[in-house]
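Listing of start-v7.cif, mmCIF, C-alpha atoms
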data_start
#
loop_
_atom_site.label_atom_id
_atom_site.label_comp_id
_atom_site.auth_asym_id
_atom_site.auth_seq_id
_atom_site.Cartn_x
_atom_site.Cartn_y
_atom_site.Cartn_z
CA MET P 1434 19.87 9.38 -31.71
CA SER P 1435 23.22 8.17 -30.38
CA ARG P 1436 26.46 10.00 -29.68
CA ASP P 1437 30.07 9.25 -28.80
CA MET P 1438 31.35 9.96 -25.29
CA TYR P 1439 35.13 9.89 -24.99
CA ARG P 1440 36.96 10.78 -21.78
CA LYS P 1441 37.27 14.50 -21.02
CA LEU P 1442 39.52 16.43 -18.67
CA ASN P 1443 37.94 18.15 -15.72
CA TRP P 1444 38.22 21.92 -15.56
CA GLN P 1445 41.35 21.77 -13.36
CA GLY P 1446 43.25 19.57 -15.81
CA GLY P 1447 44.43 16.01 -15.26
CA THR P 1448 47.38 13.73 -14.73
CA PRO P 1449 50.02 13.44 -17.47
CA ARG P 1450 48.57 10.01 -18.31
CA GLU P 1451 45.06 11.42 -18.70
CA VAL P 1452 46.30 14.34 -20.78
CA SER P 1453 48.33 12.00 -22.99
CA GLU P 1454 45.37 9.66 -23.50
CA ILE P 1455 42.99 12.47 -24.46
CA VAL P 1456 45.48 14.22 -26.77
CA ASN P 1457 46.29 10.92 -28.51
CA ASN P 1458 42.56 10.25 -28.97
CA LEU P 1459 42.10 13.69 -30.53
CA VAL P 1460 45.00 13.08 -32.92
CA GLU P 1461 43.26 9.84 -33.94
CA GLY P 1462 39.99 11.69 -34.53
CA LYS P 1463 38.18 10.55 -31.39
CA SER P 1464 36.30 13.58 -30.17
CA ASN P 1465 32.95 14.22 -28.58
CA ASN P 1466 31.38 16.05 -31.50
CA THR P 1467 29.76 13.21 -33.45
CA GLY P 1468 26.46 11.37 -33.25
CA GLU P 1469 23.89 9.42 -35.26
CA ILE P 1470 20.41 10.27 -36.49
CA THR P 1471 17.74 8.37 -38.44
CA LEU P 1472 15.40 10.44 -40.58
CA ALA P 1473 11.78 10.61 -39.47
CA ALA P 1474 9.50 8.45 -41.62
CA SER P 1475 5.74 8.40 -42.41
CA GLY P 1476 6.19 11.04 -45.12
CA ALA P 1477 8.11 13.50 -42.93
CA THR P 1478 10.02 16.26 -44.72
CA SER P 1479 12.25 17.28 -41.80
CA THR P 1480 14.05 15.66 -38.87
CA THR P 1481 15.43 17.45 -35.80
CA ILE P 1482 18.77 16.61 -34.18
CA SER P 1483 18.59 17.41 -30.47
CA ASP P 1484 22.13 17.77 -29.16
CA GLU P 1485 23.32 20.26 -26.54
CA ARG P 1486 26.67 20.57 -28.33
CA ILE P 1487 25.03 22.37 -31.28
CA GLY P 1488 25.08 26.17 -31.26
CA PHE P 1489 23.65 28.95 -33.42
CA ASN P 1490 26.78 29.07 -35.59
CA SER P 1491 27.64 25.37 -35.62
CA VAL P 1492 28.37 23.51 -38.84
CA VAL P 1493 26.69 20.09 -38.89
CA LEU P 1494 28.01 17.65 -41.50
CA LEU P 1495 26.17 14.46 -42.49
CA MET P 1496 27.50 11.08 -43.65
CA ALA P 1497 25.15 8.34 -44.89
CA THR P 1498 25.62 5.01 -43.11
CA THR P 1499 22.86 2.96 -44.80
CA ALA P 1500 22.13 2.28 -48.47
CA SER P 1501 18.73 3.95 -48.16
CA ALA P 1502 20.38 7.10 -46.83
CA ALA P 1503 23.06 7.10 -49.54
CA ASN P 1504 20.40 6.76 -52.25
CA ALA P 1505 17.92 9.13 -50.63
CA ILE P 1506 17.64 11.30 -53.75
CA THR P 1507 18.08 9.00 -56.73
CA ASP P 1508 15.79 6.33 -55.29
CA ALA P 1509 12.92 8.72 -54.73
CA LEU P 1510 12.86 11.19 -57.63
CA PRO P 1511 9.22 12.06 -58.35
CA TYR P 1512 7.54 9.92 -61.01
CA GLY P 1513 4.17 8.59 -62.01
CA ALA P 1514 2.40 6.39 -64.57
CA TRP P 1515 -1.32 6.25 -65.32
CA GLN P 1516 -3.70 4.68 -67.85
CA ASP P 1517 -7.38 4.47 -68.72
CA SER P 1518 -9.42 1.38 -69.58
CA THR P 1519 -12.43 3.16 -71.11
CA THR P 1520 -13.04 4.66 -74.54
CA GLN P 1521 -13.04 8.47 -74.45
CA SER P 1522 -15.20 10.42 -76.87
CA ALA P 1523 -16.03 14.03 -77.75
CA ALA P 1524 -19.57 15.43 -77.80
CA SER P 1525 -18.59 18.46 -79.89
CA ILE P 1526 -15.90 19.33 -82.42
CA THR P 1527 -15.64 22.86 -81.00
CA ALA P 1528 -14.90 21.86 -77.42
CA ALA P 1529 -11.71 20.70 -75.71
CA TYR P 1530 -11.71 17.70 -73.37
CA PRO P 1531 -9.15 16.78 -70.70
CA ILE P 1532 -7.73 13.29 -71.05
CA THR P 1533 -8.79 11.17 -68.08
CA PHE P 1534 -7.22 8.20 -66.30
CA ASN P 1535 -8.83 5.55 -64.11
CA THR P 1536 -5.77 3.49 -63.16
CA VAL P 1537 -2.68 4.50 -61.19
CA ASP P 1538 0.29 2.30 -62.07
CA TYR P 1539 2.92 4.22 -60.08
CA GLU P 1540 2.97 7.43 -58.04
CA SER P 1541 5.74 9.06 -56.02
CA GLY P 1542 5.74 12.82 -55.60
CA ILE P 1543 3.15 13.20 -58.41
CA THR P 1544 -0.53 12.42 -57.86
CA LEU P 1545 -3.61 12.08 -60.03
CA ALA P 1546 -6.52 14.33 -58.99
CA SER P 1547 -10.01 14.76 -60.50
CA SER P 1548 -9.21 11.98 -63.02
CA SER P 1549 -7.18 14.31 -65.28
CA ARG P 1550 -4.91 16.51 -63.15
CA LEU P 1551 -1.32 15.28 -62.72
CA THR P 1552 -0.25 17.25 -59.65
CA ALA P 1553 3.41 17.90 -58.74
CA THR P 1554 4.31 17.88 -55.05
CA TYR P 1555 7.65 19.56 -55.81
CA ALA P 1556 8.64 22.39 -58.13
CA GLY P 1557 10.86 21.49 -61.04
CA LEU P 1558 11.22 20.55 -64.68
CA TYR P 1559 9.27 17.42 -65.65
CA ASN P 1560 9.18 15.13 -68.67
CA LEU P 1561 5.58 14.26 -69.51
CA GLN P 1562 4.97 11.50 -72.07
CA PHE P 1563 1.73 10.14 -73.48
CA SER P 1564 0.47 7.38 -75.76
CA PHE P 1565 -3.17 7.49 -76.93
CA GLN P 1566 -4.98 4.95 -79.13
CA LEU P 1567 -6.84 7.15 -81.65
CA SER P 1568 -9.68 5.55 -83.63
CA ASN P 1569 -11.51 7.04 -86.65
CA LEU P 1570 -14.85 5.51 -87.67
CA ALA P 1571 -15.69 8.36 -90.04
CA ASN P 1572 -15.37 7.73 -93.79
CA SER P 1573 -13.19 10.81 -94.11
CA THR P 1574 -9.76 12.07 -93.17
CA GLU P 1575 -9.86 13.69 -89.72
CA ASP P 1576 -7.54 15.56 -87.34
CA VAL P 1577 -6.99 15.41 -83.60
CA ASN P 1578 -5.29 18.24 -81.68
CA ILE P 1579 -3.57 17.39 -78.39
CA TRP P 1580 -1.98 19.96 -76.10
CA PHE P 1581 -1.18 20.75 -72.45
CA ARG P 1582 -2.69 22.95 -69.77
CA VAL P 1583 -1.17 24.00 -66.44
CA ASN P 1584 -3.68 24.97 -63.73
CA GLY P 1585 -6.35 25.29 -66.44
CA THR P 1586 -4.33 27.57 -68.76
CA ASN P 1587 -3.09 26.44 -72.17
CA VAL P 1588 0.69 26.02 -72.44
CA ALA P 1589 2.08 28.05 -75.34
CA LYS P 1590 3.53 26.11 -78.27
CA SER P 1591 2.42 22.75 -76.84
CA ASN P 1592 -0.11 21.59 -79.46
CA SER P 1593 0.35 18.63 -81.81
CA ILE P 1594 -1.91 17.72 -84.76
CA PHE P 1595 -2.42 14.03 -85.58
CA GLY P 1596 -3.99 13.08 -88.91
CA LEU P 1597 -6.22 10.01 -89.22
CA ALA P 1598 -7.07 8.18 -92.45
CA PRO P 1599 -10.71 7.20 -93.17
CA ARG P 1600 -12.18 4.02 -91.70
CA LYS P 1601 -11.49 0.65 -93.32
CA ASN P 1602 -15.21 -0.17 -93.40
CA ALA P 1603 -18.38 0.70 -91.49
CA THR P 1604 -17.42 -1.49 -88.52
CA ASP P 1605 -13.63 -1.35 -88.69
CA PRO P 1606 -12.11 2.06 -87.82
CA TYR P 1607 -8.69 3.35 -88.73
CA HIS P 1608 -6.28 3.23 -85.76
CA VAL P 1609 -3.14 5.20 -84.99
CA ILE P 1610 -1.08 5.85 -81.87
CA ALA P 1611 -0.58 9.49 -80.86
CA ALA P 1612 2.59 9.72 -78.79
CA MET P 1613 5.09 12.38 -77.74
CA ASN P 1614 7.02 13.72 -74.76
CA PHE P 1615 7.19 17.29 -73.52
CA PHE P 1616 9.35 19.07 -70.93
CA ILE P 1617 7.27 21.30 -68.68
CA GLY P 1618 8.14 23.48 -65.67
CA LEU P 1619 5.84 23.24 -62.66
CA ALA P 1620 5.74 25.01 -59.31
CA ALA P 1621 4.91 23.00 -56.21
CA ASN P 1622 1.24 21.88 -56.29
CA ASP P 1623 0.77 22.90 -59.93
CA TYR P 1624 -1.22 20.44 -62.00
CA VAL P 1625 -0.90 19.63 -65.69
CA GLU P 1626 -3.62 18.23 -67.96
CA ILE P 1627 -3.44 16.77 -71.46
CA VAL P 1628 -6.31 18.10 -73.58
CA TRP P 1629 -7.73 16.96 -76.93
CA GLN P 1630 -10.07 18.16 -79.67
CA THR P 1631 -11.26 16.32 -82.77
CA SER P 1632 -12.61 17.42 -86.14
CA ASN P 1633 -15.28 14.66 -86.06
CA VAL P 1634 -17.18 13.08 -83.15
CA ASP P 1635 -16.70 9.68 -84.83
CA VAL P 1636 -13.09 9.93 -83.67
CA THR P 1637 -12.50 8.42 -80.24
CA ILE P 1638 -9.63 7.48 -77.97
CA LYS P 1639 -10.37 3.80 -77.91
CA ALA P 1640 -9.85 1.06 -75.33
CA GLN P 1641 -9.79 -2.54 -76.53
CA ALA P 1642 -10.45 -5.71 -74.56
CA ALA P 1643 -7.96 -8.59 -74.59
CA GLN P 1644 -7.92 -10.50 -77.88
CA THR P 1645 -7.21 -14.07 -78.98
CA SER P 1646 -5.52 -15.98 -81.81
CA PRO P 1647 -2.95 -15.08 -80.71
CA THR P 1648 -3.63 -13.99 -77.13
CA ARG P 1649 -3.06 -10.24 -76.77
CA PRO P 1650 -3.38 -8.05 -73.66
CA THR P 1651 -5.90 -5.25 -73.28
CA THR P 1652 -5.29 -1.97 -75.06
CA PRO P 1653 -5.64 1.07 -72.76
CA SER P 1654 -7.14 4.12 -74.39
CA THR P 1655 -4.61 6.41 -72.72
CA ILE P 1656 -1.20 5.98 -71.10
CA ALA P 1657 0.87 8.76 -69.54
CA THR P 1658 4.12 8.86 -67.60
CA MET P 1659 5.81 11.78 -65.84
CA GLN P 1660 9.29 12.12 -64.37
CA TYR P 1661 11.19 14.81 -62.47
CA ILE P 1662 14.20 16.07 -64.45
CA SER P 1663 15.75 18.91 -62.41
CA ALA P 1664 15.02 21.96 -60.26
CA GLY P 1665 14.31 23.76 -63.53
CA GLY P 1666 15.32 27.21 -62.29
CA TYR P 1667 13.06 27.15 -59.23
CA SER P 1668 14.57 28.16 -55.90
CA SER P 1669 11.86 27.16 -53.44
CA ASN P 1670 9.65 24.12 -52.87
CA VAL P 1671 11.97 22.08 -55.08
CA PHE P 1672 12.73 18.40 -54.75
CA GLY P 1673 16.23 18.54 -53.25
CA GLY P 1674 18.80 16.74 -51.21
CA VAL P 1675 19.20 15.99 -47.54
CA TYR P 1676 20.73 19.03 -45.84
CA VAL P 1677 20.88 20.94 -42.55
CA SER P 1678 18.51 23.86 -43.04
CA SER P 1679 18.91 25.56 -39.64
CA THR P 1680 20.82 25.41 -36.37
CA THR P 1681 20.00 26.84 -32.97
CA LYS P 1682 21.15 26.25 -29.43
CA GLY P 1683 20.81 22.54 -28.78
CA SER P 1684 19.29 21.46 -32.10
CA ALA P 1685 19.57 21.38 -35.87
CA VAL P 1686 16.89 20.74 -38.50
CA ILE P 1687 17.57 18.34 -41.37
CA THR P 1688 15.36 19.06 -44.40
CA HIS P 1689 14.77 16.20 -46.82
CA PRO P 1690 12.28 14.91 -49.41
CA ALA P 1691 9.17 13.24 -48.00
CA ASN P 1692 10.49 10.08 -46.33
CA THR P 1693 8.57 6.84 -45.87
CA LEU P 1694 11.50 4.57 -44.95
CA THR P 1695 12.68 3.83 -41.40
CA ASP P 1696 16.34 3.05 -42.15
CA LYS P 1697 17.77 6.30 -43.53
CA THR P 1698 20.55 6.73 -40.98
CA TYR P 1699 23.36 9.28 -40.93
CA ARG P 1700 26.36 9.99 -38.75
CA TYR P 1701 26.82 13.68 -38.05
CA LEU P 1702 29.79 15.85 -37.13
CA ILE P 1703 29.40 19.11 -35.21
CA VAL P 1704 32.03 21.76 -35.88
CA ALA P 1705 32.24 24.80 -33.54
#

I'd like the structure from this file rewritten - as structure tokens, please.
Amino acid sequence: MSRDMYRKLNWQGGTPREVSEIVNNLVEGKSNNTGEITLAASGATSTTISDERIGFNSVVLLMATTASAANAITDALPYGAWQDSTTQSAASITAAYPITFNTVDYESGITLASSSRLTATYAGLYNLQFSFQLSNLANSTEDVNIWFRVNGTNVAKSNSIFGLAPRKNATDPYHVIAAMNFFIGLAANDYVEIVWQTSNVDVTIKAQAAQTSPTRPTTPSTIATMQYISAGGYSSNVFGGVYVSSTTKGSAVITHPANTLTDKTYRYLIVA
């Protein structure tokens, strides 16, 4: 932390020259109520300004002085992307199975747990999107239901039914992509799962190895992405901005999203 130190008058006053200098400096905005602070890193969610000029009723204003500080919110909105490289199957047509993932492509503020649980660090409204490679080896028309659960409980009105045509032949299944996006509200540390059920165990969510003639990349069985949209009506534990959350004698606490960067620097102004 750094701070400005302009000349002050002693308690008995000063010479006309000293008074003139200090008054002119004040008119030009040069006063001893500013400083600089860099947000704590390593995932910290708060940073303390220690400054004896701060009081219980002080107003502390912040001004970003680095690009990382200016973009502290938009550059770090929670997001994630996951996929699975294995074929997923159902053992029973009367059971529901959580979709699983074995590869993390991106994670920031959302984490994959227990292979299927997409867990939100912050409360808010999220956009969850999926793309699944459905495969039907049965010689009959079949259905797949896909819906969402939050903390193990089904989300009302979240189911979709995907119809699959019969196989092309005994070794060549019918393929179709099941895809959609869904807005879902989550409290901090809630987890969401995507769940499926099939009308025939010959229906799978299929992964495909890379192919040739022409060269084609691998086909993941499942892909999902998730992005933070807004506070979504929540008032606590939300992903928010950088702000002064409390002041006391000699210090102020800056609350901010989990910070991993070392260059988020602000100038601050103390009023009163």

*atom CA of Gly1542 of chain P to atom CA of Leu1558 of chain P: how many Å, to one decimal?*
13.1 Å

_Distance of atom CA of Ala1497 of chain P from atom CA of Ser1541 of chain P, expressed in Å to one decimal place_ = 22.4 Å

*Carefully work through the PyMOL selection byres ((chain P and resi 1622) around 10) for this structure and note down the residues it includes, as a PyMOL selection string.*
chain P and resi 1543-1544+1551-1556+1584+1619-1621+1623-1625+1670

*Out of P:Val1671, P:Ala1643, P:Ile1638, P:Met1613, which residue has the shortest atom-to-atom distance to Asp1517 of chain P when counting all atoms listed in the file?*
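Among P:Val1671, P:Ala1643, P:Ile1638, P:Met1613, it is P:Ile1638 that comes nearest to Asp1517 of chain P.
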
For the file shown, report as a PDB file with C-alpha atoms, keeping the file's coordinate frame the outcome of the PyMOL selection byres ((chain P and resi 1498-1507) around 6) at residue level.
ATOM      1  CA  ALA P1497      25.150   8.340 -44.890  1.00  0.00           C
ATOM      2  CA  ASP P1508      15.790   6.330 -55.290  1.00  0.00           C
ATOM      3  CA  ALA P1509      12.920   8.720 -54.730  1.00  0.00           C
ATOM      4  CA  LEU P1510      12.860  11.190 -57.630  1.00  0.00           C
ATOM      5  CA  LYS P1697      17.770   6.300 -43.530  1.00  0.00           C
ATOM      6  CA  THR P1698      20.550   6.730 -40.980  1.00  0.00           C
ATOM      7  CA  TYR P1699      23.360   9.280 -40.930  1.00  0.00           C
TER       8      TYR P1699
END

*Counting only C-alpha atoms, which of P:Val1460, P:Ala1611, P:Ile1703, P:Ala1642 gets nearest to Ser1684 of chain P?*
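Of the candidates, the smallest distance to Ser1684 of chain P is held by P:Ile1703.
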
*Near-Trp1580 of chain P list (10 Å; all atoms listed in the file; drop same-chain fewer than 4 positions) as number ranges by chain*: P: 1529, 1531, 1587-1594, 1615, 1626-1630

_Would you compute the distance between atom CA of Tyr1559 of chain P and atom CA of Ser1663 of chain P? Give it in Å to one decimal._
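Pair atom CA of Tyr1559 of chain P / atom CA of Ser1663 of chain P returns 7.4 Å.
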
Evaluate the PyMOL selection byres ((chain P and resi 1486-1492) around 7) on the structure here and hand back the selected residues as a compact mmCIF listing (two decimals) with C-alpha atoms, keeping the file's coordinate frame.
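Full text of selection.txt as output:
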# COMPACT_ATOMS: atom_id res chain seq x y z
CA ASP P 1484 22.13 17.77 -29.16
CA GLU P 1485 23.32 20.26 -26.54
CA VAL P 1493 26.69 20.09 -38.89
CA LEU P 1494 28.01 17.65 -41.50
CA THR P 1680 20.82 25.41 -36.37
CA THR P 1681 20.00 26.84 -32.97
CA LYS P 1682 21.15 26.25 -29.43
CA GLY P 1683 20.81 22.54 -28.78
CA SER P 1684 19.29 21.46 -32.10
CA ILE P 1703 29.40 19.11 -35.21
CA VAL P 1704 32.03 21.76 -35.88
CA ALA P 1705 32.24 24.80 -33.54

*asked:* Using all atoms listed in the file for the distances, tell me which of P:Gln1641, P:Ser1573, P:Ser1654, P:Thr1695 is nearest to Asn1535 of chain P.
replied: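 Counting all atoms listed in the file, the residue closest to Asn1535 of chain P is P:Ser1654.
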
*Looking at all atoms listed in the file, which of P:Arg1649, P:Arg1550, P:His1689, P:Arg1700 is the one that sits closest to Leu1495 of chain P?*
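Between P:Arg1649, P:Arg1550, P:His1689, P:Arg1700, the residue approaching Leu1495 of chain P most closely is P:Arg1700.
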
*asked:* Let me make sure I understand: among P:Ile1526, P:Leu1545, P:Ala1691, P:Ala1473, which one has the smallest atom-to-atom distance to Asp1576 of chain P if we use all atoms listed in the file?
replied: P:Ile1526

*Given the choices P:Thr1631, P:Thr1652, P:Ser1479, P:Ser1646, which gets closest to Glu1575 of chain P if the distance is worked out from only C-alpha atoms?*
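For Glu1575 of chain P, the nearest of the given residues is P:Thr1631.
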